[in-house]
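Structure file model.txt (compact mmCIF, C-alpha atoms) follows.
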# COMPACT_ATOMS: atom_id res chain seq x y z
CA MET A 1 131.47 104.54 -7.10
CA THR A 2 129.46 101.48 -6.11
CA ARG A 3 130.24 99.19 -3.24
CA LEU A 4 129.78 96.16 -5.46
CA LYS A 5 132.50 97.31 -7.85
CA ILE A 6 134.94 97.94 -4.99
CA LEU A 7 134.25 94.54 -3.42
CA LEU A 8 134.67 92.70 -6.71
CA ALA A 9 137.86 94.54 -7.55
CA LEU A 10 139.43 93.96 -4.15
CA HIS A 11 138.41 90.32 -4.12
CA ALA A 12 139.75 89.63 -7.60
CA ALA A 13 143.20 91.26 -7.44
CA PRO A 14 144.82 94.59 -6.62
CA SER A 15 145.34 95.35 -10.30
CA ALA A 16 141.60 95.08 -10.91
CA LEU A 17 140.96 97.93 -8.50
CA PHE A 18 143.39 100.20 -10.25
CA ASP A 19 142.07 99.22 -13.67
CA TRP A 20 138.59 100.16 -12.57
CA MET A 21 139.85 103.43 -11.08
CA LYS A 22 141.54 104.33 -14.34
CA GLN A 23 138.46 103.51 -16.37
CA ALA A 24 136.33 105.66 -14.12
CA ARG A 25 138.92 108.42 -14.47
CA ILE A 26 138.99 108.92 -10.73
CA GLN A 27 142.50 110.27 -11.05
CA ARG A 28 141.05 113.43 -12.58
CA PHE A 29 139.25 114.34 -9.38
CA ARG A 30 140.68 115.60 -6.14
CA ILE A 31 138.62 114.51 -3.22
CA ARG A 32 138.40 117.26 -0.70
CA ARG A 33 139.77 116.54 2.71
CA LYS A 34 136.33 116.86 4.34
CA LYS A 35 135.21 113.88 2.23
CA MET A 36 138.27 111.74 2.90
CA ASN A 37 137.04 110.26 6.19
CA LYS A 38 133.93 109.07 4.37
CA VAL A 39 136.07 107.38 1.71
CA ILE A 40 138.29 105.74 4.34
CA GLY A 41 135.31 104.49 6.30
CA TYR A 42 133.76 103.20 3.09
CA LEU A 43 136.87 101.17 2.21
CA LEU A 44 137.32 99.82 5.73
CA ALA A 45 133.69 98.74 5.85
CA SER A 46 134.22 96.98 2.55
CA PHE A 47 137.26 95.13 3.89
CA LYS A 48 135.27 93.94 6.87
CA GLU A 49 132.45 92.79 4.64
CA ILE A 50 134.73 90.55 2.54
CA GLY A 51 136.45 89.08 5.59
CA MET A 52 139.62 91.15 5.69
CA SER A 53 139.28 92.32 9.27
CA ASN A 54 142.10 90.03 10.39
CA SER A 55 145.79 90.54 9.68
CA ILE A 56 145.95 91.69 6.08
CA ARG A 57 149.54 90.54 5.73
CA THR A 58 148.38 86.91 5.41
CA VAL A 59 146.10 87.56 2.42
CA PRO A 60 148.08 86.68 -0.75
CA LYS A 61 146.41 89.11 -3.16
CA PHE A 62 146.07 92.09 -0.90
CA SER A 63 148.51 94.68 0.41
CA ILE A 64 147.77 97.34 2.99
CA GLY A 65 150.04 99.54 0.90
CA LEU A 66 147.45 99.23 -1.85
CA VAL A 67 144.84 101.00 0.26
CA PHE A 68 147.01 103.99 0.93
CA ALA A 69 148.19 104.08 -2.66
CA ALA A 70 144.55 104.14 -3.71
CA LEU A 71 143.70 106.92 -1.27
CA ALA A 72 146.70 108.95 -2.36
CA PHE A 73 145.79 108.30 -5.98
CA MET A 74 142.22 109.44 -5.47
CA SER A 75 143.34 112.55 -3.59
CA GLY A 76 145.50 113.64 -6.50
CA ASP A 77 148.88 112.41 -5.23
CA ALA A 78 149.57 110.20 -8.23
CA THR A 79 153.34 110.13 -7.62
CA VAL A 80 152.86 107.70 -4.76
CA PHE A 81 150.91 105.39 -7.03
CA ASN A 82 153.19 105.73 -10.00
CA LYS A 83 156.63 105.65 -8.41
CA ALA A 84 156.66 103.55 -5.27
CA VAL A 85 153.76 102.46 -3.11
CA ALA A 86 151.73 100.73 -5.81
CA GLN A 87 154.69 99.61 -7.92
CA GLU A 88 153.99 96.19 -9.36
CA ALA A 89 156.56 93.43 -9.51
CA PRO A 90 157.88 92.50 -12.95
CA ALA A 91 156.49 89.47 -14.71
CA GLU A 92 159.27 87.18 -13.50
CA LYS A 93 158.40 87.78 -9.84
CA PRO A 94 154.98 87.43 -8.17
CA GLN A 95 153.62 90.40 -6.25
CA ALA A 96 153.89 88.35 -3.07
CA TRP A 97 157.08 86.85 -1.64
CA TYR A 98 156.72 83.39 -0.17
CA PRO A 99 159.39 82.12 2.26
CA ARG A 100 162.02 79.78 0.83
CA THR A 101 160.64 79.83 -2.71
CA GLU A 102 163.08 82.18 -4.45
CA LYS A 103 166.82 82.41 -4.87
CA LEU A 104 168.24 85.90 -4.66
CA GLY A 105 170.15 87.05 -7.73
CA PRO A 106 173.92 87.48 -7.37
CA ASN A 107 173.68 91.27 -7.82
CA GLU A 108 170.46 91.74 -5.88
CA MET A 109 169.61 93.17 -2.47
CA PHE A 110 166.49 92.05 -0.60
CA VAL A 111 165.04 94.14 2.22
CA VAL A 112 162.16 93.24 4.54
CA ALA A 113 160.51 95.46 7.14
CA LEU A 114 160.32 93.15 10.16
CA GLY A 115 159.02 95.89 12.43
CA THR A 116 157.80 99.41 11.66
CA GLY A 117 155.83 100.35 14.74
CA MET A 118 156.26 101.84 18.19
CA PRO A 119 157.24 100.71 21.70
CA THR A 120 153.51 100.32 22.33
CA PRO A 121 151.22 98.84 21.25
CA ILE A 122 152.95 95.77 19.85
CA THR A 123 150.33 93.93 17.83
CA ARG A 124 150.02 91.17 15.26
CA GLY A 125 150.03 93.82 12.57
CA GLN A 126 153.00 95.89 13.74
CA LYS A 127 156.09 95.04 15.74
CA SER A 128 158.81 97.38 16.92
CA THR A 129 161.67 98.45 14.67
CA ALA A 130 163.67 95.82 12.77
CA TRP A 131 164.96 95.54 9.21
CA TYR A 132 166.26 92.47 7.36
CA VAL A 133 168.80 92.89 4.58
CA GLU A 134 169.96 89.94 2.46
CA LEU A 135 172.57 90.28 -0.27
CA GLY A 136 173.26 88.25 -3.37
CA ASN A 137 176.62 87.18 -1.92
CA GLY A 138 174.80 85.23 0.83
CA ASP A 139 175.22 87.71 3.69
CA ILE A 140 172.30 88.62 5.98
CA PHE A 141 172.21 91.67 8.25
CA LEU A 142 169.67 92.86 10.81
CA PHE A 143 169.34 96.54 11.58
CA ASP A 144 167.68 96.75 15.00
CA VAL A 145 165.63 93.94 16.55
CA GLY A 146 162.84 95.70 18.41
CA SER A 147 160.30 94.01 20.64
CA GLY A 148 158.12 91.52 18.79
CA SER A 149 160.15 91.62 15.57
CA ALA A 150 161.54 88.09 16.02
CA GLU A 151 158.09 86.80 15.14
CA ASN A 152 158.31 88.32 11.68
CA LEU A 153 161.91 87.19 11.26
CA PHE A 154 160.91 83.60 11.96
CA ALA A 155 158.02 83.99 9.52
CA LEU A 156 160.64 84.42 6.76
CA ARG A 157 162.12 81.02 7.66
CA PRO A 158 165.67 82.12 6.83
CA GLU A 159 168.75 79.92 7.10
CA PHE A 160 169.60 80.86 10.66
CA HIS A 161 173.27 79.95 10.42
CA ARG A 162 173.52 83.08 8.23
CA VAL A 163 171.54 85.32 10.62
CA ASP A 164 174.37 86.19 12.98
CA LYS A 165 174.79 89.99 12.85
CA ILE A 166 172.73 92.76 14.46
CA PHE A 167 173.47 96.45 13.99
CA ALA A 168 171.78 98.41 16.76
CA SER A 169 170.96 102.07 16.23
CA HIS A 170 170.42 102.65 19.97
CA LEU A 171 169.39 100.74 23.06
CA HIS A 172 165.67 101.44 23.45
CA THR A 173 163.57 98.29 23.81
CA ASP A 174 161.67 99.06 20.62
CA HIS A 175 165.01 98.74 18.80
CA VAL A 176 166.83 95.94 20.67
CA GLY A 177 164.09 94.28 22.75
CA ASP A 178 164.22 90.99 20.83
CA ALA A 179 168.00 90.57 20.86
CA ALA A 180 167.69 87.74 23.41
CA ALA A 181 164.91 86.07 21.42
CA LEU A 182 167.17 85.95 18.37
CA TRP A 183 170.20 84.93 20.42
CA VAL A 184 168.48 81.83 21.80
CA GLY A 185 165.90 81.23 19.08
CA GLY A 186 168.46 81.43 16.28
CA TRP A 187 170.75 79.08 18.20
CA LEU A 188 167.93 76.54 18.47
CA SER A 189 167.10 76.99 14.79
CA GLY A 190 170.47 76.37 13.16
CA ARG A 191 173.04 78.98 14.16
CA TYR A 192 176.23 77.24 15.31
CA THR A 193 178.44 80.35 15.51
CA PRO A 194 178.26 83.34 17.88
CA LEU A 195 175.70 86.10 17.49
CA HIS A 196 177.43 89.45 16.94
CA ILE A 197 175.89 92.72 18.10
CA TYR A 198 177.37 95.90 16.66
CA GLY A 199 176.40 99.11 18.35
CA PRO A 200 177.45 102.52 19.66
CA SER A 201 179.07 103.64 22.86
CA GLY A 202 177.21 105.91 25.26
CA ALA A 203 178.00 108.96 27.34
CA LYS A 204 179.12 106.52 30.07
CA PRO A 205 180.44 102.96 29.75
CA GLU A 206 177.30 101.56 31.38
CA LEU A 207 175.17 103.18 28.65
CA GLY A 208 176.97 101.54 25.71
CA THR A 209 176.45 98.41 23.65
CA ALA A 210 179.13 96.39 25.45
CA ALA A 211 177.38 96.92 28.79
CA PHE A 212 174.04 95.99 27.20
CA VAL A 213 175.47 92.72 25.90
CA GLU A 214 177.09 91.89 29.23
CA GLY A 215 173.75 92.57 30.89
CA LEU A 216 172.04 90.11 28.56
CA LYS A 217 174.64 87.48 29.39
CA LYS A 218 174.02 87.91 33.12
CA THR A 219 170.25 88.01 32.72
CA TYR A 220 170.11 84.82 30.66
CA ALA A 221 172.98 82.96 32.32
CA TRP A 222 170.70 80.15 33.52
CA ASP A 223 169.12 79.77 30.09
CA ILE A 224 172.45 79.61 28.27
CA ALA A 225 174.06 77.27 30.81
CA GLY A 226 171.19 74.81 30.48
CA ARG A 227 171.29 74.69 26.69
CA SER A 228 175.07 74.69 26.25
CA GLY A 229 176.44 71.32 25.28
CA ILE A 230 173.13 70.04 23.98
CA LEU A 231 173.30 72.73 21.31
CA PRO A 232 176.52 73.75 19.51
CA ASP A 233 178.83 75.42 22.03
CA ALA A 234 179.77 78.41 19.88
CA GLY A 235 176.15 79.22 19.01
CA GLY A 236 175.50 80.23 22.61
CA GLN A 237 178.12 82.97 22.51
CA LEU A 238 177.11 86.63 22.28
CA ILE A 239 179.80 89.07 21.17
CA ALA A 240 179.64 92.86 21.39
CA HIS A 241 181.34 95.14 18.88
CA GLU A 242 181.11 98.60 20.40
CA PHE A 243 182.33 101.65 18.50
CA ASP A 244 182.49 105.37 19.22
CA PHE A 245 179.07 106.87 18.57
CA LYS A 246 180.77 110.15 17.54
CA GLN A 247 182.50 108.69 14.51
CA ASP A 248 181.22 110.20 11.28
CA GLY A 249 181.45 107.68 8.48
CA GLY A 250 183.67 105.30 10.43
CA VAL A 251 183.77 101.70 9.24
CA VAL A 252 182.15 99.29 11.71
CA TYR A 253 182.06 96.23 9.42
CA GLU A 254 183.95 95.32 6.24
CA LYS A 255 183.94 91.76 4.90
CA ASN A 256 183.05 89.89 1.73
CA GLY A 257 182.76 93.09 -0.30
CA VAL A 258 180.33 94.68 2.21
CA LYS A 259 181.15 97.91 4.01
CA ILE A 260 178.97 99.30 6.79
CA THR A 261 179.65 102.73 8.21
CA SER A 262 178.03 104.62 11.09
CA PHE A 263 177.33 108.28 11.81
CA PRO A 264 175.75 110.04 14.80
CA ALA A 265 172.04 110.66 15.32
CA VAL A 266 170.18 113.07 17.61
CA HIS A 267 167.81 111.29 19.98
CA ILE A 268 167.28 111.85 23.73
CA LEU A 269 170.84 111.03 24.91
CA ASP A 270 174.33 110.72 23.44
CA GLY A 271 174.76 107.40 21.68
CA PRO A 272 172.26 106.81 18.85
CA VAL A 273 173.61 106.29 15.33
CA SER A 274 172.52 105.59 11.77
CA TYR A 275 174.12 103.15 9.32
CA ARG A 276 174.99 102.95 5.65
CA LEU A 277 175.65 99.63 3.88
CA ASP A 278 177.49 99.64 0.54
CA TRP A 279 177.87 96.52 -1.59
CA ASN A 280 178.30 95.84 -5.27
CA GLY A 281 177.28 99.34 -6.35
CA LEU A 282 174.10 99.34 -4.20
CA SER A 283 173.56 101.38 -1.06
CA PHE A 284 171.19 100.96 1.89
CA VAL A 285 170.83 103.58 4.63
CA PHE A 286 169.07 102.94 7.93
CA GLY A 287 168.22 105.70 10.34
CA GLY A 288 167.00 104.76 13.79
CA ASP A 289 165.26 107.36 15.92
CA SER A 290 166.53 110.90 15.38
CA ALA A 291 165.60 114.48 14.93
CA PRO A 292 166.71 115.76 11.50
CA ASN A 293 170.50 115.95 11.57
CA LYS A 294 173.35 117.00 9.33
CA TRP A 295 175.17 113.67 9.46
CA PHE A 296 172.28 111.73 7.96
CA ILE A 297 171.90 114.18 5.10
CA GLU A 298 175.61 114.20 4.30
CA ARG A 299 176.02 110.42 4.42
CA SER A 300 172.80 109.47 2.63
CA LYS A 301 172.90 111.66 -0.46
CA GLY A 302 172.20 109.74 -3.64
CA ALA A 303 171.76 106.38 -1.90
CA ASP A 304 169.48 103.76 -3.41
CA PHE A 305 167.27 102.75 -0.49
CA VAL A 306 166.99 105.18 2.41
CA ILE A 307 165.00 104.46 5.58
CA HIS A 308 164.27 107.26 8.04
CA GLU A 309 161.68 107.55 10.74
CA MET A 310 158.52 109.44 9.81
CA PHE A 311 156.94 109.96 13.18
CA TYR A 312 153.46 111.18 14.01
CA THR A 313 152.54 114.76 13.33
CA PRO A 314 152.15 116.71 16.59
CA GLU A 315 148.39 116.75 15.99
CA GLY A 316 148.30 113.04 15.28
CA LEU A 317 150.30 112.23 18.41
CA ALA A 318 148.05 114.42 20.57
CA LYS A 319 144.96 112.76 19.16
CA THR A 320 146.29 109.22 19.46
CA LEU A 321 147.80 109.39 22.94
CA GLY A 322 145.74 112.18 24.44
CA TRP A 323 148.76 114.37 25.14
CA GLY A 324 148.87 118.13 25.26
CA MET A 325 150.26 119.95 22.25
CA ARG A 326 153.51 120.99 23.97
CA GLN A 327 154.45 117.43 24.88
CA SER A 328 153.29 116.13 21.49
CA THR A 329 155.32 118.74 19.62
CA PHE A 330 158.44 118.08 21.71
CA VAL A 331 158.32 114.31 21.18
CA SER A 332 157.32 114.48 17.52
CA SER A 333 159.59 117.28 16.36
CA TYR A 334 162.52 117.59 18.78
CA ILE A 335 163.57 113.99 19.54
CA HIS A 336 161.91 112.37 16.52
CA THR A 337 161.27 113.49 12.94
CA PRO A 338 157.72 114.47 11.90
CA PRO A 339 156.51 114.03 8.31
CA SER A 340 157.45 117.58 7.31
CA GLY A 341 161.02 116.99 8.51
CA PHE A 342 161.15 113.62 6.76
CA GLY A 343 160.06 115.23 3.53
CA LYS A 344 162.70 117.95 3.73
CA ILE A 345 165.41 115.37 4.42
CA MET A 346 164.43 113.26 1.42
CA ALA A 347 164.16 116.31 -0.83
CA GLU A 348 167.75 117.11 0.08
CA ILE A 349 169.30 113.66 -0.32
CA LYS A 350 167.20 112.47 -3.33
CA PRO A 351 167.26 108.68 -2.86
CA ARG A 352 165.99 106.22 -5.43
CA LEU A 353 163.37 105.30 -2.85
CA ALA A 354 162.53 107.08 0.41
CA VAL A 355 161.06 104.82 3.08
CA GLY A 356 159.28 106.17 6.15
CA TYR A 357 158.42 104.16 9.25
CA HIS A 358 158.00 104.33 13.05
CA THR A 359 154.34 105.13 13.46
CA ILE A 360 151.11 103.24 13.95
CA ARG A 361 149.58 102.59 10.54
CA GLN A 362 146.08 104.04 10.42
CA PRO A 363 144.41 105.54 7.33
CA GLU A 364 143.72 108.87 9.01
CA LEU A 365 147.30 109.24 10.20
CA ASP A 366 148.68 108.15 6.84
CA MET A 367 146.76 110.89 5.09
CA LEU A 368 148.03 113.51 7.55
CA MET A 369 151.59 112.32 6.97
CA LEU A 370 151.28 112.22 3.19
CA GLU A 371 149.86 115.72 3.10
CA GLU A 372 152.84 117.10 5.01
CA VAL A 373 155.48 115.12 3.13
CA ARG A 374 154.15 116.04 -0.30
CA GLN A 375 154.36 119.73 0.46
CA VAL A 376 158.15 119.45 0.40
CA TYR A 377 159.07 116.15 -1.31
CA ASP A 378 157.71 114.78 -4.57
CA GLY A 379 160.07 111.86 -5.13
CA PRO A 380 159.56 108.08 -4.83
CA LEU A 381 158.07 107.23 -1.45
CA ALA A 382 156.86 104.27 0.56
CA ILE A 383 155.37 104.27 4.05
CA ALA A 384 156.57 100.94 5.38
CA ASP A 385 154.36 98.39 7.02
CA ASP A 386 155.43 95.13 8.61
CA LEU A 387 156.44 92.45 6.10
CA MET A 388 156.70 94.79 3.15
CA ALA A 389 159.64 93.66 1.02
CA TRP A 390 161.77 95.14 -1.72
CA ASN A 391 164.02 93.58 -4.36
CA ILE A 392 166.72 96.09 -5.26
CA THR A 393 169.01 96.02 -8.26
CA LYS A 394 170.83 98.74 -10.17
CA ASP A 395 167.95 98.84 -12.65
CA LYS A 396 164.87 98.80 -10.46
CA ILE A 397 163.36 98.70 -6.99
CA VAL A 398 160.35 96.42 -6.76
CA GLN A 399 158.01 96.53 -3.77
CA ARG A 400 156.28 93.32 -2.72
CA GLU A 401 154.69 91.78 0.34
CA VAL A 402 155.68 88.76 2.39
CA VAL A 403 152.98 86.13 2.67
CA SER A 404 153.63 83.57 5.38
CA ALA A 405 151.82 81.02 7.49
CA GLU A 406 150.77 81.95 10.99
CA ARG A 407 152.40 78.81 12.38
CA VAL A 408 155.72 77.61 10.99
CA GLN A 409 158.55 75.33 11.93
CA ALA A 410 162.14 76.50 11.82
CA PRO A 411 163.82 75.59 8.53
CA PRO A 412 166.01 72.46 8.39
CA THR A 413 169.42 72.79 10.01
CA THR A 414 172.67 72.17 8.15
CA ILE A 415 175.24 69.38 8.30
CA GLU A 416 177.64 71.90 9.86
CA TYR A 417 175.14 72.53 12.64
CA MET A 418 174.79 68.80 13.31
CA LYS A 419 178.57 68.32 13.38
CA ALA A 420 179.40 71.43 15.43
CA LYS A 421 181.21 70.83 18.73
CA ARG A 422 179.03 70.10 21.75
CA SER A 423 180.51 69.75 25.20
CA GLY A 424 177.76 67.52 26.61
CA GLU A 425 174.43 67.84 28.38
CA ALA A 426 173.99 69.85 31.53
CA ARG A 427 173.71 67.90 34.78
CA TYR A 428 171.30 68.10 37.70
CA SER A 429 172.40 68.01 41.29
CA LYS A 430 171.67 64.80 43.22
CA PHE A 431 168.89 66.66 45.03
CA THR A 432 167.04 67.44 41.80
CA SER A 433 167.79 64.08 40.20
CA ASP A 434 166.34 62.26 43.20
CA GLY A 435 163.08 64.11 42.59
CA LYS A 436 162.31 62.24 39.40
CA TRP A 437 159.10 60.20 39.51
CA GLU A 438 159.63 56.46 39.51
CA GLY A 439 156.38 55.93 37.65
CA TYR A 440 157.93 57.09 34.36
CA THR A 441 160.94 55.59 32.60
CA PRO A 442 162.33 57.53 29.60
CA PRO A 443 163.53 55.64 26.52
CA PRO A 444 167.22 54.72 26.34
CA LEU A 445 169.49 57.47 25.01
CA PRO A 446 171.05 56.75 21.60
CA LYS A 447 174.83 56.92 21.45
CA GLN A 448 174.66 59.83 18.99
Rewrite the coordinates I just gave you, this time as structure tokens.
Amino acid sequence: MTRLKILLALHAAPSALFDWMKQARIQRFRIRRKKMNKVIGYLLASFKEIGMSNSIRTVPKFSIGLVFAALAFMSGDATVFNKAVAQEAPAEKPQAWYPRTEKLGPNEMFVVALGTGMPTPITRGQKSTAWYVELGNGDIFLFDVGSGSAENLFALRPEFHRVDKIFASHLHTDHVGDAAALWVGGWLSGRYTPLHIYGPSGAKPELGTAAFVEGLKKTYAWDIAGRSGILPDAGGQLIAHEFDFKQDGGVVYEKNGVKITSFPAVHILDGPVSYRLDWNGLSFVFGGDSAPNKWFIERSKGADFVIHEMFYTPEGLAKTLGWGMRQSTFVSSYIHTPPSGFGKIMAEIKPRLAVGYHTIRQPELDMLMLEEVRQVYDGPLAIADDLMAWNITKDKIVQREVVSAERVQAPPTTIEYMKAKRSGEARYSKFTSDGKWEGYTPPPLPKQ
């Protein structure tokens, strides 16, 4: 294995790397674990040498998923390469997805990982939990909007008048921390109707979704009052749809041929839930934080696209955060789901594609997770990273990667947005108005 060959293959295209690997028959060898760190370091040094030390998600021909597929492939875990992580898009679709360049098929589902990380650190490479689901009927749904995830949502440049529904799994900041950013940012960017937040009740009224939404309204009262009237009146509204967290398979949303049901989860306090979306013969399941639980297994069996947290191993958590093994084991395995638990869940429900998330993506940690998962689950698998995307039909699931500019403008607004009712600009008091500087005269206001 020469460095020159790796650099040339990576620089040319992902497929070149795999072609070279096949020719060299690397798949016939199982690299021992004691050599894996050397391989990882070798690849990372190569990335740095060819200028890939910055955010990989902006490089059109490169996917971080490729690295881990390659490592899994070289270590003998060819199922990851063959079935999910390194799956190539069909000829009619490029491997990368570029915002506002494709029209979704009428029977197609499109999923984007807007955030796959942790409460901390929130970095350019990984935001907190959020998932974007767009359907061929025109509907868009968000499942969680964790801290930092609005950045990746705006990178997609969606039509914001359609981004008006959030389904919250629970009320931790790494799952709802950017609700206000979407509320106001989406309003500024083209939403002229209320933003709806669906979410569970809590053990007490003050711990439920309705109380959370009321708290946001109070917190941002000044912001909303100042923008109301300049922007469409209805777009500044925030509406809570709270439901009983105990319901098992209860319908929380049903419109336009889409049905979304909820079922309880097990995480820290009463209240967390998971969701299942069914539409047009396709099914999407989203699990927020939870220890392995019976409800998820019962409600997810046979689904097409199933997302469940795949938290650190206890050893990985102890190493990363410097915790003792008791605390690491409790957090990883009692209030979250470690890789071994994730694998057992997916082996039981047998989805078309199992998707793990909710960890910091590092090669060493990925290998630890893969080793544990593959002891109990050998089906299609992807470890999600921010801005991974999937096109889902009844025939195939194609994994791709979003490629977007670092600086973008919001997409054009609609005629409906321009014509939506506005009650008029906010007014200063005489005290504040008298403070304007006489040395500047603004241009006359147009009538419309």
- request: Identify the residues around (177.9, 99.1, 1.1) within a radius of 9 Å, measuring from only C-alpha atoms in the coordinates stated by the file, and give them as a PyMOL selection string.
  value: chain A and resi 254+257-261+276-284
message: My list of candidates is A:Asn137, A:Gln126, A:Thr441, A:Thr413. Which is closest to Gly190 of chain A when distances are computed with only C-alpha atoms?
response: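 Nearest candidate to Gly190 of chain A out of A:Asn137, A:Gln126, A:Thr441, A:Thr413: A:Thr413.
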- prompt: Quick one: of A:Arg407, A:His336, A:Lys319, A:Lys394, who's nearest to Leu156 of chain A, counting all atoms listed in the file?
  reply: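 When distances to Leu156 of chain A are compared using all atoms listed in the file, the smallest one comes from A:Arg407.
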query: For Met310 of chain A, which of A:Gly138, A:Pro446, A:Gly117, A:Gly249 is the closest residue, counting all atoms listed in the file?
result: A:Gly117
Residue among A:Val355, A:Val184, A:Met118, A:Leu142 lying closest to Phe342 of chain A, counting only C-alpha atoms: A:Val355
- request: Go through A:Ser147, A:Thr329, A:Asn293, A:Thr359 one by one, measure the shortest atom-to-atom distance of each to Val273 of chain A using all atoms listed in the file, and give the residue with the smallest value.
  value: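 Smallest distance to Val273 of chain A is found for A:Asn293.
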- request: With a distance cut-off of 10 Å and all atoms listed in the file, select the neighbouring residues of Lys246 of chain A, excluding the residue or stretch itself and same-chain residues fewer than 2 positions from it, and output the selection as a PyMOL selection string.
  value: chain A and resi 200-202+243-244+248-250+262-265+270-273
message: Excluding Pro99 of chain A and its own-chain neighbours fewer than 6 positions away, which residues fall within 10 Å of it when counting all atoms listed in the file? Please give them as JSON, numbers by chain.
response: {"A": [154, 155, 156, 157, 158, 402, 403, 404, 405]}
Kindly export the residues of the current selection with C-alpha atoms, as a compact mmCIF listing (two decimals), in the coordinates of the input.
# COMPACT_ATOMS: atom_id res chain seq x y z
CA PHE A 154 160.91 83.60 11.96
CA ALA A 155 158.02 83.99 9.52
CA LEU A 156 160.64 84.42 6.76
CA ARG A 157 162.12 81.02 7.66
CA PRO A 158 165.67 82.12 6.83
CA VAL A 402 155.68 88.76 2.39
CA VAL A 403 152.98 86.13 2.67
CA SER A 404 153.63 83.57 5.38
CA ALA A 405 151.82 81.02 7.49
task: Find the residue from A:Lys419, A:Lys447, A:Arg427, A:His267 that sits nearest to Pro292 of chain A; use all atoms listed in the file when measuring.
output: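 Under the stated criterion, the closest residue is A:His267.
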- request: Within 12 Å of (168.9, 74.7, 18.6) (coordinates as in the file), grab all the protein and nucleic acid residues, counting only C-alpha atoms, and write them out as a PyMOL selection string.
  value: chain A and resi 160-161+182-193+224+227-236+410-414+417-418+420+422
query: Rounded to one decimal in Å, what is the spacing between atom CA of Leu195 of chain A and atom CA of Leu216 of chain A?
result: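 For atom CA of Leu195 of chain A relative to atom CA of Leu216 of chain A, the distance reads 12.3 Å.
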message: As an exercise, work out the distance from atom CA of Leu317 of chain A to atom CA of Asp386 of chain A in Å and give it to one decimal place.
response: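 About the pair atom CA of Leu317 of chain A and atom CA of Asp386 of chain A: they are 20.4 Å apart.
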Given 8 Å on each side, where is the centre and what are the edge lengths in Å to one decimal of the axis-aligned box enclosing the listed atoms of segment 381-390 of chain A, as JSON?
{"center_x": 158.1, "center_y": 99.8, "center_z": 3.4, "size_x": 23.4, "size_y": 30.8, "size_z": 26.3}
- prompt: In Å, how far is it from atom CA of Val306 of chain A to atom CA of Gly136 of chain A?
  reply: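 Taking atom CA of Val306 of chain A and atom CA of Gly136 of chain A, their separation equals 19.0 Å.
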Mind completing segment 317-329 of chain A with N, CA and C atoms? Output as an mmCIF file, in the frame of the given file, please?
data_model
loop_
_atom_site.group_PDB
_atom_site.id
_atom_site.type_symbol
_atom_site.label_atom_id
_atom_site.label_comp_id
_atom_site.auth_asym_id
_atom_site.auth_seq_id
_atom_site.Cartn_x
_atom_site.Cartn_y
_atom_site.Cartn_z
ATOM 1 N N LEU A 317 149.843 112.779 17.134
ATOM 2 C CA LEU A 317 150.300 112.230 18.410
ATOM 3 C C LEU A 317 149.377 112.659 19.544
ATOM 4 N N ALA A 318 148.962 113.925 19.535
ATOM 5 C CA ALA A 318 148.050 114.420 20.570
ATOM 6 C C ALA A 318 146.717 113.677 20.524
ATOM 7 N N LYS A 319 146.230 113.446 19.317
ATOM 8 C CA LYS A 319 144.960 112.760 19.160
ATOM 9 C C LYS A 319 145.054 111.297 19.568
ATOM 10 N N THR A 320 146.151 110.652 19.201
ATOM 11 C CA THR A 320 146.290 109.220 19.460
ATOM 12 C C THR A 320 146.533 108.911 20.927
ATOM 13 N N LEU A 321 147.421 109.682 21.563
ATOM 14 C CA LEU A 321 147.800 109.390 22.940
ATOM 15 C C LEU A 321 147.140 110.293 23.977
ATOM 16 N N GLY A 322 146.409 111.291 23.504
ATOM 17 C CA GLY A 322 145.740 112.180 24.440
ATOM 18 C C GLY A 322 146.670 113.143 25.149
ATOM 19 N N TRP A 323 147.805 113.438 24.539
ATOM 20 C CA TRP A 323 148.760 114.370 25.140
ATOM 21 C C TRP A 323 148.391 115.808 24.817
ATOM 22 N N GLY A 324 148.975 116.723 25.585
ATOM 23 C CA GLY A 324 148.870 118.130 25.260
ATOM 24 C C GLY A 324 149.764 118.460 24.081
ATOM 25 N N MET A 325 149.517 119.616 23.459
ATOM 26 C CA MET A 325 150.260 119.950 22.250
ATOM 27 C C MET A 325 151.731 120.224 22.516
ATOM 28 N N ARG A 326 152.096 120.747 23.702
ATOM 29 C CA ARG A 326 153.510 120.990 23.970
ATOM 30 C C ARG A 326 154.284 119.679 24.017
ATOM 31 N N GLN A 327 153.779 118.725 24.783
ATOM 32 C CA GLN A 327 154.450 117.430 24.880
ATOM 33 C C GLN A 327 154.466 116.727 23.523
ATOM 34 N N SER A 328 153.361 116.784 22.796
ATOM 35 C CA SER A 328 153.290 116.130 21.490
ATOM 36 C C SER A 328 154.274 116.735 20.512
ATOM 37 N N THR A 329 154.394 118.057 20.520
ATOM 38 C CA THR A 329 155.320 118.740 19.620
ATOM 39 C C THR A 329 156.758 118.416 19.980
#
